[in-house]
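Visitor: This is the structure, below, for whatever I ask next.
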2 protein chains.
Amino acid sequence: MVNYPHQVSRKAIIPSVRSEKKEVDFANRGMTFETAINESNNYYLAHGKAVIHKKPTPVQIVKVDYPKRSRAKIVEAYFRHASTTDYSGVYKGYYIDFEAKETRQKTAMPMKNFHAHQIEHMAQVLHQKGISFVLLHFSTLKETYLLPAQALIDFYQIDKGGKSMHIDYIRQHGFEIKMGGYPSLPYLEIIEEKLLGGKNFEK
Amino acid sequence: MVNYPHQVSRKAIIPSVRSEKKEVDFANRGMTFETAINESNNYYLAHGKAVIHKKPTPVQIVKVDYPKRSRAKIVEAYFRHASTTDYSGVYKGYYIDFEAKETRQKTAMPMKNFHAHQIEHMAQVLHQKGISFVLLHFSTLKETYLLPAQALIDFYQIDKGGKSMHIDYIRQHGFEIKMGGYPSLPYLEIIEEKLLGGKNFEK
């Protein structure tokens with residue numbers, strides 16, 4: 001059902017980077033952060049491990065044409081801000097809900113990446129005992145972290161998102177996702193080990 | 001946070017329909033089926049009972065213009081078929097996932113309303129122990145049913161969606177949603193009483 005063309009190209013890439021200190025990153029395999037998340041979700045779906053999808057981009061449709069003998073064509077529309085997070089789904093009965101953000105900065109994640117209504121949504125999800133978090137990718141460092149939503153909400157409330165979130169805070173409250181295998185971003189393993197197994201879920 | 005303008009207009013409507021046999025339907029209050037679902041979801045959200053949202057309409061964006069000093073304008077886009085269901089969220093830690101369909105027919109719901117990939121998605125959700133169902137509205141009858149996904153999947157597999165699903169089958173395997181109060185479509189109460197409380201969840 002799902003093809004993994006990257007499995008082929010990866011073999012060609014690995015030898016040249018093996019001498020580097022860092023693990024093989026999905027970027028080495030020509031993938032963007034978003035592609036790596038989608039590939040991981042496809043992997044989980046194909047292996048019956050979880051059903052997690054990216055929500056469609058919210059668009060405000062203003063005008064639609066109906067040309068003869070062809071399908072409806074949207075000719076005027078605008079991007080809307082998402083009122084929730086980008087990804088959601090189910091894993092072993094647990095509701096999973098997360099947002100993904102990346103930065104080229106080496107020391108912090110700018111908080112302007114998170115909107116007030118998204119923070120509110122995460123708080124609502126936690127109140128309903130859902131599992132909510134953010135995946136934070138530092139592209140220059142080639143590091144990706146899973147930060148539980150509560151830690152993000154706590155930080156956001158300091159000054160309503162005005163500051164940047166220092167990577168030390170993320171390292172202290174989050175969990176690094178080890179890359180280099182399949183799926184590209186094994187974030188479910190973090191949820192299983194750290195959030196569900198490690199009793200940090202209710203913190 | 002959420003306004004309920006219908007609470008005002010409802011008072012004016014009730015007296016004129018009180019003599020009818022049927023309960024006050026959301027249609028009597030000027031609402032479409034979709035509006036009634038969204039109003040119910042807003043009600044649940046505002047009362048801290050559940051976090052359930054409609055997903056954005058999937059759109060394939062082909063061309064975007066960036067006019068000077070104004071926001072990006074999508075000038076060519078097309079509607080895509082949804083690969084999942086329209087609504088999802090979390091209720092008391094349970095993953096909730098459903099699709100809503102309506103018909104003017106009095107005796108059956110046409111199965112062409114359901115796409116193969118949506119049926120597959122529902123089966124995947126059930127496999128992950130999520131709660132999946134369809135809300136089926138018969139506008140002429142003014143009746144709405146919650147049908148668990150497994151009953152829909154069973155019926156679909158008879159001839160891959162070629163037939164209509166008779167209302168007797170829906171009444172036998174589903175649960176009627178009583179309308180006339182707030183929220184307009186109290187479907188969470190059905191989940192609580194019939195699916196979670198009634199031990200039908202794992203069937």
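We label chains A, B, ... in the order they appear in the structure tokens, count residues from 1 in each chain, and number ligands from 1 in the order shown.
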List every residue of chain B that has an atom at most 6 Å from any atom of chain A, giving for each one its closest atom pair and the distance in Å to one decimal, counting only C-alpha atoms, sorted by chain and then by ascending residue number, as a Markdown table.
Guide:
| residue | atom | partner | partner_atom | distance |
| --- | --- | --- | --- | --- |
| B:Pro56 | CA | A:Pro58 | CA | 5.2 |
| B:Pro58 | CA | A:Pro56 | CA | 5.2 |
| B:Lys73 | CA | A:Tyr78 | CA | 5.3 |
| B:Ile74 | CA | A:Ala77 | CA | 4.9 |
| B:Val75 | CA | A:Val75 | CA | 4.5 |
| B:Glu76 | CA | A:Val75 | CA | 5.1 |
| B:Ala77 | CA | A:Ile74 | CA | 4.9 |
| B:Tyr78 | CA | A:Lys73 | CA | 5.4 |
| B:Tyr91 | CA | A:Gln128 | CA | 5.8 |
| B:Lys92 | CA | A:Gln128 | CA | 4.9 |
| B:Gly93 | CA | A:Lys129 | CA | 4.4 |
| B:Tyr95 | CA | A:Tyr95 | CA | 4.8 |
| B:Gln128 | CA | A:Lys92 | CA | 4.9 |
| B:Lys129 | CA | A:Gly93 | CA | 4.5 |
| B:Gly130 | CA | A:Gly93 | CA | 5.1 |
Visitor: Find the residues near region 148-159 of chain A: any atom within 9 Å, counting only C-alpha atoms, skip ones fewer than 6 places away on the same chain, and give them as a list in words.
Guide: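 These residues fall inside the cut-off: Phe98, Met111, Phe114, Ala116, Ile119, Glu120, Met122, Ala123, Leu126, Ile131, Ser132, Phe133, Val134, Leu135, Met165, Tyr169, Ile170, His173, Gly174, Phe175, Leu195, Phe201 and Lys203 of chain A.
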Visitor: Kindly indicate which residue among B:Asn28, B:Thr35, B:Gln118, B:Ser40 lies nearest to Tyr182 (chain B), using only C-alpha atoms for the distances.
Guide: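 That would be B:Ser40, the residue with the smallest distance to Tyr182 (chain B).
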Visitor: Run DSSP on the backbone and tell me which residues of chain A come out as strand (DSSP E); list them as a ChimeraX atom specification.
Guide: /A:51-54,59-65,73-79,87-91,94-103,108-110,131-138,143-148,164-166,175-176
Visitor: Based on DSSP run over this structure's backbone, return all residues of region 4-199 of chain B in alpha helix (DSSP H), as number ranges by chain.
Guide: B: 6-17, 33-46, 116-127, 149-159, 167-173, 187-190
Visitor: Would you save the residues from that selection as a PDB file, in the first residue's frame, using C-alpha atoms?
Guide:
ATOM      1  CA  HIS B   6     -30.153  29.985  18.419  1.00  0.00           C
ATOM      2  CA  GLN B   7     -31.178  30.085  22.060  1.00  0.00           C
ATOM      3  CA  VAL B   8     -32.997  33.314  21.348  1.00  0.00           C
ATOM      4  CA  SER B   9     -34.665  32.375  18.102  1.00  0.00           C
ATOM      5  CA  ARG B  10     -35.681  28.993  19.457  1.00  0.00           C
ATOM      6  CA  LYS B  11     -38.159  30.495  21.906  1.00  0.00           C
ATOM      7  CA  ALA B  12     -40.000  32.090  19.048  1.00  0.00           C
ATOM      8  CA  ILE B  13     -40.152  28.831  17.130  1.00  0.00           C
ATOM      9  CA  ILE B  14     -41.199  26.313  19.760  1.00  0.00           C
ATOM     10  CA  PRO B  15     -44.856  27.366  20.244  1.00  0.00           C
ATOM     11  CA  SER B  16     -45.695  26.950  16.576  1.00  0.00           C
ATOM     12  CA  VAL B  17     -44.388  23.384  16.400  1.00  0.00           C
ATOM     13  CA  PHE B  33     -27.360  19.105   9.672  1.00  0.00           C
ATOM     14  CA  GLU B  34     -23.743  20.258   9.470  1.00  0.00           C
ATOM     15  CA  THR B  35     -24.487  23.421  11.444  1.00  0.00           C
ATOM     16  CA  ALA B  36     -26.202  21.337  14.103  1.00  0.00           C
ATOM     17  CA  ILE B  37     -23.139  19.094  14.431  1.00  0.00           C
ATOM     18  CA  ASN B  38     -20.814  22.089  14.662  1.00  0.00           C
ATOM     19  CA  GLU B  39     -23.092  23.740  17.236  1.00  0.00           C
ATOM     20  CA  SER B  40     -23.062  20.543  19.282  1.00  0.00           C
ATOM     21  CA  ASN B  41     -19.262  20.388  19.080  1.00  0.00           C
ATOM     22  CA  ASN B  42     -19.037  24.041  20.170  1.00  0.00           C
ATOM     23  CA  TYR B  43     -21.363  23.238  23.063  1.00  0.00           C
ATOM     24  CA  TYR B  44     -19.214  20.288  24.160  1.00  0.00           C
ATOM     25  CA  LEU B  45     -16.053  22.382  23.839  1.00  0.00           C
ATOM     26  CA  ALA B  46     -17.451  25.370  25.758  1.00  0.00           C
ATOM     27  CA  ALA B 116     -13.769   2.945   0.090  1.00  0.00           C
ATOM     28  CA  HIS B 117     -10.886   4.828   1.736  1.00  0.00           C
ATOM     29  CA  GLN B 118     -13.222   6.198   4.404  1.00  0.00           C
ATOM     30  CA  ILE B 119     -14.447   2.700   5.216  1.00  0.00           C
ATOM     31  CA  GLU B 120     -10.828   1.553   5.375  1.00  0.00           C
ATOM     32  CA  HIS B 121      -9.971   4.477   7.655  1.00  0.00           C
ATOM     33  CA  MET B 122     -12.798   3.541  10.037  1.00  0.00           C
ATOM     34  CA  ALA B 123     -11.552  -0.046  10.178  1.00  0.00           C
ATOM     35  CA  GLN B 124      -8.047   1.233  10.980  1.00  0.00           C
ATOM     36  CA  VAL B 125      -9.435   3.412  13.776  1.00  0.00           C
ATOM     37  CA  LEU B 126     -11.335   0.472  15.279  1.00  0.00           C
ATOM     38  CA  HIS B 127      -8.147  -1.610  15.119  1.00  0.00           C
ATOM     39  CA  ALA B 149     -18.583   1.971  12.321  1.00  0.00           C
ATOM     40  CA  GLN B 150     -18.475  -1.821  12.597  1.00  0.00           C
ATOM     41  CA  ALA B 151     -22.111  -2.068  11.471  1.00  0.00           C
ATOM     42  CA  LEU B 152     -21.348   0.189   8.493  1.00  0.00           C
ATOM     43  CA  ILE B 153     -18.237  -1.819   7.589  1.00  0.00           C
ATOM     44  CA  ASP B 154     -20.167  -5.107   7.827  1.00  0.00           C
ATOM     45  CA  PHE B 155     -22.858  -3.767   5.506  1.00  0.00           C
ATOM     46  CA  TYR B 156     -20.341  -2.246   3.104  1.00  0.00           C
ATOM     47  CA  GLN B 157     -18.562  -5.560   2.692  1.00  0.00           C
ATOM     48  CA  ILE B 158     -21.709  -7.263   1.369  1.00  0.00           C
ATOM     49  CA  ASP B 159     -21.229  -5.768  -2.072  1.00  0.00           C
ATOM     50  CA  ILE B 167     -33.350   2.198   7.652  1.00  0.00           C
ATOM     51  CA  ASP B 168     -34.411  -1.013   9.408  1.00  0.00           C
ATOM     52  CA  TYR B 169     -30.757  -2.098   9.445  1.00  0.00           C
ATOM     53  CA  ILE B 170     -29.773   1.294  10.848  1.00  0.00           C
ATOM     54  CA  ARG B 171     -32.486   1.118  13.520  1.00  0.00           C
ATOM     55  CA  GLN B 172     -31.430  -2.417  14.436  1.00  0.00           C
ATOM     56  CA  HIS B 173     -27.692  -1.705  14.747  1.00  0.00           C
ATOM     57  CA  TYR B 187     -24.402  12.226  20.241  1.00  0.00           C
ATOM     58  CA  LEU B 188     -21.859  12.078  23.077  1.00  0.00           C
ATOM     59  CA  GLU B 189     -24.640  10.953  25.387  1.00  0.00           C
ATOM     60  CA  ILE B 190     -25.234   7.976  23.054  1.00  0.00           C
TER      61      ILE B 190
END
Visitor: Could you tell me how far CA of Gln105 (chain A) lies from CA of Thr140 (chain A), in Å and to one decimal?
Guide: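 Rounded to one decimal, the two atoms are 6.9 Å apart.
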